[in-house]
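A.B. asks: Next up, protein-v4.txt (compact mmCIF, C-alpha atoms).
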```txt
# COMPACT_ATOMS: atom_id res chain seq x y z
CA MET A 1 86.63 66.81 125.28
CA ASN A 2 87.68 69.97 123.51
CA PHE A 3 89.43 68.55 120.43
CA PRO A 4 90.11 70.93 117.52
CA PHE A 5 87.98 68.79 115.17
CA PRO A 6 84.72 69.49 113.36
CA PRO A 7 81.65 67.48 114.50
CA ALA A 8 82.11 64.75 111.85
CA LEU A 9 85.60 63.91 113.10
CA ARG A 10 84.53 63.98 116.74
CA LEU A 11 81.70 61.61 115.86
CA LEU A 12 84.18 59.26 114.16
CA ARG A 13 86.43 59.26 117.23
CA TRP A 14 83.57 58.44 119.55
CA ALA A 15 82.32 55.78 117.15
CA VAL A 16 85.70 53.98 117.44
CA HIS A 17 85.59 54.23 121.24
CA GLY A 18 82.01 52.99 121.18
CA ILE A 19 82.94 49.97 119.07
CA PHE A 20 85.69 49.07 121.55
CA ALA A 21 83.26 49.39 124.47
CA VAL A 22 80.60 47.28 122.79
CA LEU A 23 83.03 44.51 121.73
CA LEU A 24 84.60 44.51 125.20
CA ALA A 25 81.19 44.28 126.88
CA ILE A 26 80.23 41.37 124.62
CA ALA A 27 83.50 39.60 125.38
CA VAL A 28 83.23 40.14 129.15
CA ALA A 29 79.63 38.94 129.12
CA GLY A 30 80.65 35.88 127.13
CA VAL A 31 83.43 34.80 129.48
CA ALA A 32 81.22 35.53 132.50
CA HIS A 33 78.57 33.26 131.00
CA GLU A 34 81.26 30.61 130.63
CA ASP A 35 81.90 30.98 134.39
CA ARG A 36 85.39 32.41 134.02
CA PRO A 37 85.24 35.34 136.47
CA ALA A 38 88.99 36.00 136.53
CA ILE A 39 89.11 36.64 132.80
CA ALA A 40 85.95 38.77 133.06
CA VAL A 41 87.63 40.90 135.75
CA CYS A 42 90.72 41.28 133.58
CA GLY A 43 88.47 42.37 130.72
CA GLY A 44 86.89 44.96 133.00
CA LEU A 45 90.36 46.23 133.97
CA LEU A 46 91.19 46.56 130.26
CA GLY A 47 88.08 48.72 129.87
CA VAL A 48 89.18 50.92 132.82
CA LEU A 49 92.66 51.26 131.29
CA TYR A 50 91.19 52.23 127.91
CA ALA A 51 88.82 54.78 129.49
CA ALA A 52 91.65 56.23 131.62
CA GLY A 53 93.64 56.90 128.45
CA ILE A 54 90.72 58.80 126.91
CA VAL A 55 90.24 60.91 130.06
CA VAL A 56 93.94 61.74 130.37
CA GLU A 57 94.13 62.62 126.68
CA GLY A 58 91.24 65.05 127.04
CA ARG A 59 92.92 66.85 129.95
CA LEU A 60 96.31 67.36 128.36
CA PRO A 61 97.07 71.09 127.89
CA HIS A 62 98.62 70.78 124.41
CA PHE A 63 96.75 68.30 122.23
CA GLY A 64 99.02 66.59 119.73
CA GLY A 65 102.19 67.74 121.48
CA PRO A 66 105.19 65.62 122.49
CA THR A 67 103.74 64.79 125.91
CA HIS A 68 100.47 63.67 124.37
CA LEU A 69 102.20 61.39 121.85
CA LEU A 70 104.56 59.88 124.43
CA LEU A 71 101.79 59.07 126.92
CA GLY A 72 99.53 57.85 124.12
CA ARG A 73 102.14 55.44 122.81
CA VAL A 74 102.88 54.10 126.29
CA TRP A 75 99.12 53.62 126.77
CA LEU A 76 98.91 51.84 123.40
CA VAL A 77 101.67 49.38 124.35
CA VAL A 78 99.97 48.54 127.68
CA VAL A 79 96.55 48.12 126.01
CA THR A 80 98.04 45.92 123.27
CA LEU A 81 99.78 43.64 125.78
CA SER A 82 96.60 43.42 127.84
CA TRP A 83 94.58 42.56 124.75
CA ALA A 84 97.11 39.91 123.70
CA GLY A 85 96.83 38.21 127.10
CA LEU A 86 93.03 38.26 126.99
CA ALA A 87 92.96 37.07 123.35
CA LEU A 88 95.07 34.07 124.33
CA ALA A 89 92.78 33.43 127.30
CA SER A 90 89.52 33.58 125.36
CA PRO A 91 88.55 33.93 121.66
CA GLN A 92 85.85 36.38 122.77
CA PHE A 93 88.50 39.15 122.95
CA VAL A 94 90.07 38.58 119.51
CA TRP A 95 87.74 41.06 117.77
CA LEU A 96 88.96 43.90 120.01
CA ALA A 97 91.83 44.14 117.54
CA PHE A 98 89.54 46.06 115.16
CA PRO A 99 89.29 49.32 117.21
CA LEU A 100 92.97 48.93 118.14
CA PHE A 101 93.83 49.27 114.45
CA PHE A 102 92.57 52.88 114.64
CA ALA A 103 94.66 53.57 117.74
CA TYR A 104 97.79 52.35 115.95
CA LEU A 105 97.10 54.49 112.88
CA HIS A 106 96.29 57.51 115.05
CA LEU A 107 99.16 57.46 117.56
CA LEU A 108 102.00 56.11 115.42
CA PRO A 109 103.66 57.48 112.28
CA LEU A 110 102.30 55.82 109.16
CA PRO A 111 105.55 53.91 108.35
CA VAL A 112 105.36 52.39 111.86
CA ALA A 113 101.59 52.10 112.13
CA LEU A 114 101.09 49.99 108.99
CA PRO A 115 103.56 47.23 110.07
CA GLY A 116 101.97 47.40 113.53
CA VAL A 117 98.54 46.77 112.01
CA VAL A 118 99.94 43.83 110.06
CA VAL A 119 101.45 42.33 113.25
CA LEU A 120 98.23 42.93 115.17
CA THR A 121 96.22 41.26 112.36
CA ALA A 122 98.55 38.29 112.37
CA ALA A 123 98.25 38.05 116.15
CA ALA A 124 94.46 38.09 115.94
CA ILE A 125 94.47 35.35 113.28
CA ALA A 126 96.94 33.27 115.29
CA ALA A 127 94.93 33.60 118.51
CA SER A 128 91.71 32.67 116.76
CA SER A 129 93.35 29.67 115.06
CA TRP A 130 94.94 28.54 118.31
CA HIS A 131 91.58 28.48 120.08
CA ALA A 132 89.93 26.68 117.12
CA GLY A 133 92.70 24.13 116.84
CA GLY A 134 93.55 25.08 113.26
CA LEU A 135 93.48 27.83 110.67
CA THR A 136 90.37 28.25 108.55
CA ALA A 137 89.51 30.74 105.80
CA PRO A 138 86.97 32.76 107.88
CA GLN A 139 89.52 33.09 110.67
CA ALA A 140 92.03 34.66 108.28
CA ILE A 141 89.58 36.69 106.17
CA GLY A 142 87.76 38.32 109.11
CA PRO A 143 90.71 40.09 110.77
CA THR A 144 92.25 40.92 107.36
CA ILE A 145 89.09 42.66 106.15
CA GLY A 146 88.81 44.44 109.49
CA ALA A 147 92.42 45.66 109.24
CA ALA A 148 91.93 46.86 105.66
CA ALA A 149 88.69 48.70 106.54
CA ALA A 150 90.26 50.26 109.62
CA THR A 151 93.31 51.37 107.62
CA LEU A 152 91.16 52.95 104.93
CA MET A 153 88.98 54.72 107.48
CA ALA A 154 92.02 55.93 109.41
CA LEU A 155 93.57 57.35 106.24
CA VAL A 156 90.32 59.15 105.48
CA TYR A 157 90.30 60.37 109.08
CA LYS A 158 93.83 61.74 108.73
CA ALA A 159 92.94 63.46 105.46
CA LEU A 160 89.88 65.05 107.05
CA TYR A 161 91.92 66.13 110.03
CA ALA A 162 94.59 67.70 107.80
CA GLU A 163 91.91 69.51 105.81
CA SER A 164 90.25 70.68 109.02
CA GLU A 165 93.56 71.98 110.34
CA GLN A 166 94.29 73.81 107.10
CA ARG A 167 90.82 75.36 107.23
CA ARG A 168 91.35 76.42 110.83
CA LEU A 169 94.67 78.05 109.98
CA LEU A 170 93.07 79.77 106.99
CA ILE A 171 90.23 81.06 109.17
CA ASP A 172 92.73 82.33 111.75
CA ASP A 173 94.64 84.08 108.97
CA LEU A 174 91.44 85.57 107.56
CA VAL A 175 90.38 86.79 111.00
CA ALA A 176 93.80 88.38 111.55
CA THR A 177 93.68 89.95 108.08
CA ARG A 178 90.20 91.27 108.71
CA GLY A 179 91.40 92.83 111.95
CA LYS A 180 94.25 94.52 110.10
CA LEU A 181 91.85 95.78 107.42
CA VAL A 182 89.52 97.18 110.08
CA ARG A 183 92.45 99.03 111.66
CA VAL A 184 93.63 100.32 108.28
CA GLU A 185 90.12 101.44 107.32
CA SER A 186 89.71 103.12 110.70
CA GLU A 187 93.00 104.97 110.24
CA SER A 188 92.07 105.94 106.67
CA ALA A 189 88.69 107.22 107.85
CA ARG A 190 90.39 109.22 110.59
CA LEU A 191 92.85 110.77 108.13
CA ALA A 192 90.07 111.49 105.63
CA GLU A 193 87.99 113.16 108.32
CA ARG A 194 90.98 115.23 109.44
CA GLU A 195 91.58 116.24 105.81
CA ARG A 196 87.91 117.16 105.43
CA LEU A 197 87.98 119.27 108.59
CA ALA A 198 91.14 121.00 107.41
CA ARG A 199 89.46 121.86 104.10
CA GLU A 200 86.34 123.14 105.85
CA ILE A 201 88.33 125.32 108.23
CA HIS A 202 90.48 126.69 105.42
CA ASP A 203 87.54 127.42 103.14
CA THR A 204 85.25 128.91 105.80
CA LEU A 205 86.81 130.28 108.97
CA ALA A 206 90.20 131.14 107.51
CA GLN A 207 88.71 132.82 104.43
CA GLY A 208 86.27 134.77 106.59
CA MET A 209 89.03 135.96 108.89
CA SER A 210 91.08 137.10 105.91
CA SER A 211 88.13 139.17 104.60
CA ILE A 212 87.63 140.76 108.02
CA ILE A 213 91.32 141.66 108.25
CA LEU A 214 91.29 143.26 104.79
CA LEU A 215 88.14 145.26 105.61
CA LEU A 216 89.55 146.54 108.90
CA ARG A 217 92.83 147.51 107.25
CA ALA A 218 90.92 149.46 104.62
CA ALA A 219 88.82 151.13 107.35
CA ARG A 220 91.94 152.16 109.25
CA ARG A 221 93.43 153.57 106.06
CA ASP A 222 90.30 155.64 105.33
CA LEU A 223 89.54 156.61 108.91
CA ALA A 224 91.27 160.02 108.78
CA ASP A 225 90.46 161.17 105.24
CA GLN A 226 87.24 159.29 104.45
CA PRO A 227 85.43 158.56 107.71
CA ASP A 228 82.18 157.64 105.94
CA GLU A 229 84.00 155.08 103.82
CA ALA A 230 85.72 153.76 106.94
CA VAL A 231 82.37 153.35 108.71
CA LEU A 232 81.10 151.43 105.67
CA ARG A 233 84.15 149.14 105.80
CA ILE A 234 83.63 148.55 109.53
CA ALA A 235 79.99 147.65 108.88
CA GLU A 236 81.08 145.21 106.18
CA ALA A 237 83.64 143.71 108.56
CA GLU A 238 80.95 143.34 111.21
CA HIS A 239 78.69 141.61 108.70
CA ALA A 240 81.53 139.31 107.63
CA ALA A 241 82.29 138.51 111.27
CA GLN A 242 78.62 137.66 111.87
CA GLU A 243 78.61 135.32 108.86
CA ASN A 244 81.89 133.76 110.02
CA LEU A 245 80.43 133.17 113.47
CA GLU A 246 77.42 131.51 111.89
CA GLU A 247 79.77 129.39 109.75
CA ALA A 248 81.59 128.30 112.91
CA ARG A 249 78.36 127.35 114.67
CA ASN A 250 77.11 125.39 111.69
CA PHE A 251 80.52 123.80 111.29
CA VAL A 252 80.22 122.45 114.82
CA ARG A 253 76.67 121.26 114.14
CA ALA A 254 77.77 119.76 110.77
CA LEU A 255 75.08 121.73 108.94
CA ALA A 256 75.20 123.30 105.50
CA PRO A 257 76.85 126.75 105.24
CA PRO A 258 74.50 129.72 105.83
CA ALA A 259 75.00 130.89 102.24
CA LEU A 260 73.31 127.71 101.03
CA GLN A 261 70.70 127.54 103.78
CA HIS A 262 68.90 130.68 102.64
CA PHE A 263 70.01 131.08 99.00
CA SER A 264 70.45 129.03 95.85
CA LEU A 265 73.92 128.16 94.59
CA THR A 266 73.94 130.99 92.04
CA ALA A 267 72.75 133.51 94.65
CA ALA A 268 75.36 132.27 97.13
CA LEU A 269 78.13 132.56 94.51
CA ARG A 270 76.96 136.06 93.64
CA ARG A 271 77.15 137.07 97.31
CA ILE A 272 80.65 135.71 97.89
CA SER A 273 81.90 137.27 94.62
CA ASP A 274 81.12 140.63 96.22
CA SER A 275 82.19 139.92 99.79
CA ALA A 276 85.39 137.93 99.18
CA VAL A 277 87.27 140.90 97.69
CA ALA A 278 85.68 143.57 99.88
CA GLY A 279 88.27 146.10 100.97
CA THR A 280 90.46 145.57 97.90
CA ALA A 281 90.64 147.32 94.54
CA THR A 282 89.50 144.17 92.73
CA ARG A 283 86.11 144.18 91.03
CA VAL A 284 84.47 140.81 90.42
CA ARG A 285 81.95 140.01 87.71
CA PHE A 286 79.70 137.00 88.20
CA GLU A 287 78.00 135.22 85.30
CA VAL A 288 75.87 132.13 84.81
CA SER A 289 75.87 130.31 81.47
CA GLY A 290 73.42 127.60 80.48
CA THR A 291 70.30 126.40 82.24
CA PRO A 292 70.75 125.85 85.98
CA VAL A 293 69.82 122.37 87.20
CA PRO A 294 69.23 121.22 90.78
CA LEU A 295 72.32 119.72 92.37
CA SER A 296 72.91 117.69 95.48
CA THR A 297 74.21 119.38 98.62
CA ASP A 298 77.65 117.87 98.02
CA TYR A 299 77.92 119.61 94.65
CA ASP A 300 76.61 122.94 95.94
CA LEU A 301 78.99 122.86 98.88
CA ALA A 302 82.00 121.84 96.77
CA LEU A 303 81.40 124.59 94.17
CA LEU A 304 80.84 127.21 96.87
CA ARG A 305 84.03 126.24 98.73
CA ILE A 306 86.09 126.18 95.54
CA ALA A 307 84.81 129.65 94.66
CA GLN A 308 85.56 130.90 98.17
CA GLY A 309 89.08 129.49 98.09
CA ALA A 310 89.87 130.88 94.63
CA LEU A 311 88.45 134.35 95.36
CA GLY A 312 90.26 134.36 98.69
CA ASN A 313 93.53 133.83 96.82
CA VAL A 314 92.57 136.67 94.45
CA SER A 315 91.93 139.08 97.33
CA ARG A 316 95.11 138.16 99.23
CA HIS A 317 97.69 137.57 96.53
CA SER A 318 96.72 138.71 93.04
CA GLU A 319 96.51 142.52 93.35
CA ALA A 320 94.16 142.29 90.39
CA GLU A 321 91.93 145.06 89.06
CA HIS A 322 89.36 142.71 87.58
CA ALA A 323 88.27 139.17 88.30
CA GLY A 324 85.52 136.96 86.98
CA LEU A 325 83.44 134.10 88.34
CA THR A 326 81.52 132.06 85.76
CA LEU A 327 79.26 129.10 86.45
CA THR A 328 78.53 127.12 83.29
CA TYR A 329 75.93 124.35 83.01
CA LEU A 330 76.66 121.91 80.18
CA GLU A 331 74.74 118.77 79.22
CA ASP A 332 76.87 116.41 81.29
CA MET A 333 79.13 118.72 83.24
CA ILE A 334 79.16 121.83 85.37
CA VAL A 335 82.17 124.16 85.13
CA LEU A 336 83.23 126.85 87.57
CA ASP A 337 85.81 129.34 86.23
CA ILE A 338 87.58 131.93 88.38
CA TYR A 339 90.06 134.20 86.63
CA ASP A 340 91.85 137.47 87.36
CA ASP A 341 94.28 139.88 85.71
CA GLY A 342 96.62 140.02 88.68
CA ARG A 343 100.31 139.33 89.05
CA GLY A 344 99.98 135.56 88.60
CA PHE A 345 102.50 132.92 89.66
CA ASP A 346 104.27 129.81 88.48
CA PRO A 347 102.06 126.77 89.31
CA ALA A 348 105.06 124.46 89.03
CA GLN A 349 106.80 126.10 91.98
CA THR A 350 105.99 125.21 95.58
CA PRO A 351 104.45 128.22 97.33
CA THR A 352 106.61 129.82 100.02
CA PRO A 353 105.33 131.05 103.38
CA THR A 354 105.49 134.62 102.07
CA VAL A 355 103.09 133.72 99.27
CA GLY A 356 100.69 131.44 101.11
CA THR A 357 100.34 128.09 102.71
CA GLY A 358 99.75 126.30 99.42
CA TYR A 359 96.85 124.43 101.01
CA GLY A 360 94.05 126.28 99.19
CA LEU A 361 94.68 124.88 95.72
CA ARG A 362 95.16 121.37 97.08
CA ALA A 363 91.89 121.61 99.06
CA MET A 364 90.02 122.84 95.97
CA ARG A 365 91.47 120.05 93.86
CA ASP A 366 90.56 117.45 96.50
CA ARG A 367 86.96 118.67 96.52
CA ALA A 368 86.71 118.35 92.74
CA ILE A 369 88.31 114.90 92.67
CA ALA A 370 85.99 113.67 95.45
CA LEU A 371 83.03 114.25 93.09
CA GLY A 372 84.70 112.62 90.09
CA GLY A 373 85.88 115.89 88.54
CA ASN A 374 89.15 117.76 88.26
CA LEU A 375 90.60 121.20 88.78
CA THR A 376 93.09 122.95 86.53
CA VAL A 377 95.18 126.03 87.24
CA GLU A 378 96.72 128.19 84.52
CA SER A 379 98.93 131.09 85.48
CA ALA A 380 102.21 132.81 84.76
CA PRO A 381 104.00 135.69 86.49
CA GLY A 382 102.44 138.98 85.37
CA GLU A 383 99.69 137.33 83.31
CA GLY A 384 96.97 136.61 85.86
CA THR A 385 95.48 133.30 86.96
CA ALA A 386 92.65 131.08 85.78
CA VAL A 387 91.16 128.29 87.88
CA ALA A 388 88.64 125.87 86.34
CA ALA A 389 86.73 123.24 88.30
CA MET A 390 84.90 120.68 86.13
CA LEU A 391 82.43 118.31 87.77
CA PRO A 392 80.36 115.67 85.96
CA LEU A 393 76.65 116.26 86.46
CA PRO A 394 75.01 113.64 88.68
CA VAL A 395 72.10 111.57 87.44
CA ALA A 396 68.63 112.87 88.15
CA GLU A 397 67.91 110.73 91.18
CA GLU A 398 71.24 111.64 92.82
CA ALA A 399 70.74 115.34 92.17
CA GLY A 400 67.38 115.26 93.88
CA ARG A 401 68.67 113.79 97.10
```
Render the structure in this file as structure tokens.

C.D. replies:
Amino acid sequence: MNFPFPPALRLLRWAVHGIFAVLLAIAVAGVAHEDRPAIAVCGGLLGVLYAAGIVVEGRLPHFGGPTHLLLGRVWLVVVTLSWAGLALASPQFVWLAFPLFFAYLHLLPLPVALPGVVVLTAAAIAASSWHAGGLTAPQAIGPTIGAAAATLMALVYKALYAESEQRRLLIDDLVATRGKLVRVESESARLAERERLAREIHDTLAQGMSSIILLLRAARRDLADQPDEAVLRIAEAEHAAQENLEEARNFVRALAPPALQHFSLTAALRRISDSAVAGTATRVRFEVSGTPVPLSTDYDLALLRIAQGALGNVSRHSEAEHAGLTLTYLEDMIVLDIYDDGRGFDPAQTPTPTVGTGYGLRAMRDRAIALGGNLTVESAPGEGTAVAAMLPLPVAEEAGR
């Protein structure tokens, strides 16, 4: 049978059924030995009736439902009447009252089951006394102790069943909650990956395209009056396009950017400080302060992308004459400063489409925060802009990964 009980409770149920079967077999054997075949046959029919109830109960679709309780109580009444008739016919069947105590306490509400057990105990004592021709102490004590033990065991059984049901409901709730958490984590991972891809595209392909556009515009401007300068701009645009193509290929392969594949972080920053503002009047000065230390790929990539994003903003929006890129190594922190003397802006105002998408600063800030750092922006209209990314230095073993 597929009862929603743990093994201990199933064992207890079958122990009760086993006790009934053993006591019934002893009683039937006793009356058969006394040459009372009719009573033995009736005892066998009682066993068939009891077994039929167990089989029907196991096949009910909704255990513990109204149909189960109704059929179980009808079965209990028929079994009780059959037992009463057999107990009056032979004292061998009196002790069958003991497993019936459990059936009463299981199928009936407790306020009804307890009086039923008392009546059943009294009936067992009366039947035993009637066969003996008088009431004796053992005849009264035996069924009373049996009723008390059965009641105590049934109450323990009910408590265990209630605890088992609460545990099952808790497990179901935990499983449902875990499923929700898995879905939430999956959605969060999807959004985080989409955000990461957006940052990568903005800081690589979009920045590269902007540099190419600026170089080609400068070449077109110089084509008539300064053809040599125009050819130089076209060559720079071709080089930038080649690097952008390599960025796109590595982006698809999820590899490190080419600037970090062949150069150190300082060399890569020096290269982009020259190429990011190519085709503009801005001149960039790159400096390194402190003693460089090896960093993990995550740090190198974040600093490179922040520098690319900030210098891209300088080339597109600042109209600055001078800009600076400074990488400073402190004892417990690395600081990247990008500043310019351009037209500046109000950081408190939301950028408009004519100024930019507003995504660059947010992407740079997200990169810094992802490594436990922060990014600050200081600017005012007509007073230039300063961007500072501060990242805590990783411990030695993390930096060497």

A.B. asks: Give the answer as one residue: which of A:Ala38, A:Ile306, A:Ile334, A:Ala162 has the shortest atom-to-atom distance to Gln207 of chain A, using only C-alpha atoms?

C.D. replies: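 Comparing A:Ala38, A:Ile306, A:Ile334, A:Ala162 against Gln207 of chain A, the winner is A:Ile306.
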
A.B. asks: Which protein, DNA or RNA residues have an atom at most 6 Å from (77.4, 114.3, 92.4), counting all atoms listed in the file? List them as number ranges by chain.

C.D. replies: A: 299, 371, 394

A.B. asks: Check the smallest atom-to-atom distance from each of A:Glu185, A:Thr151, A:Leu46, A:Leu215 to Val28 of chain A using all atoms listed in the file, then report the winner.

C.D. replies: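 That would be A:Leu46, the residue with the smallest distance to Val28 of chain A.
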
A.B. asks: Give the answer as one residue: which of A:Glu34, A:Glu163, A:Glu195, A:Glu243 has the shortest atom-to-atom distance to Met209 of chain A, using only C-alpha atoms?

C.D. replies: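 Nearest candidate to Met209 of chain A out of A:Glu34, A:Glu163, A:Glu195, A:Glu243: A:Glu243.
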
A.B. asks: Counting all atoms listed in the file, figure out which residue out of A:Arg183, A:Lys158, A:Arg217, A:His131 gets nearest to Pro109 of chain A.

C.D. replies: A:Lys158

A.B. asks: Out of A:Leu69, A:Ile39, A:Ala103, A:Ala368, which residue has the shortest atom-to-atom distance to Met153 of chain A when counting all atoms listed in the file?

C.D. replies: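 Closest to Met153 of chain A of all the choices is A:Ala103.
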
A.B. asks: Give as a list in words the set of residues within 8 Å of the point (85.7, 139.7, 93.9), where distances use the file's coordinates and only C-alpha atoms.

C.D. replies: Ile272, Ser273, Asp274, Ser275, Ala276, Val277, Ala278, Thr282, Arg283, Val284, Arg285, Leu311, Val314, Ser315, His322, Ala323 and Gly324 of chain A
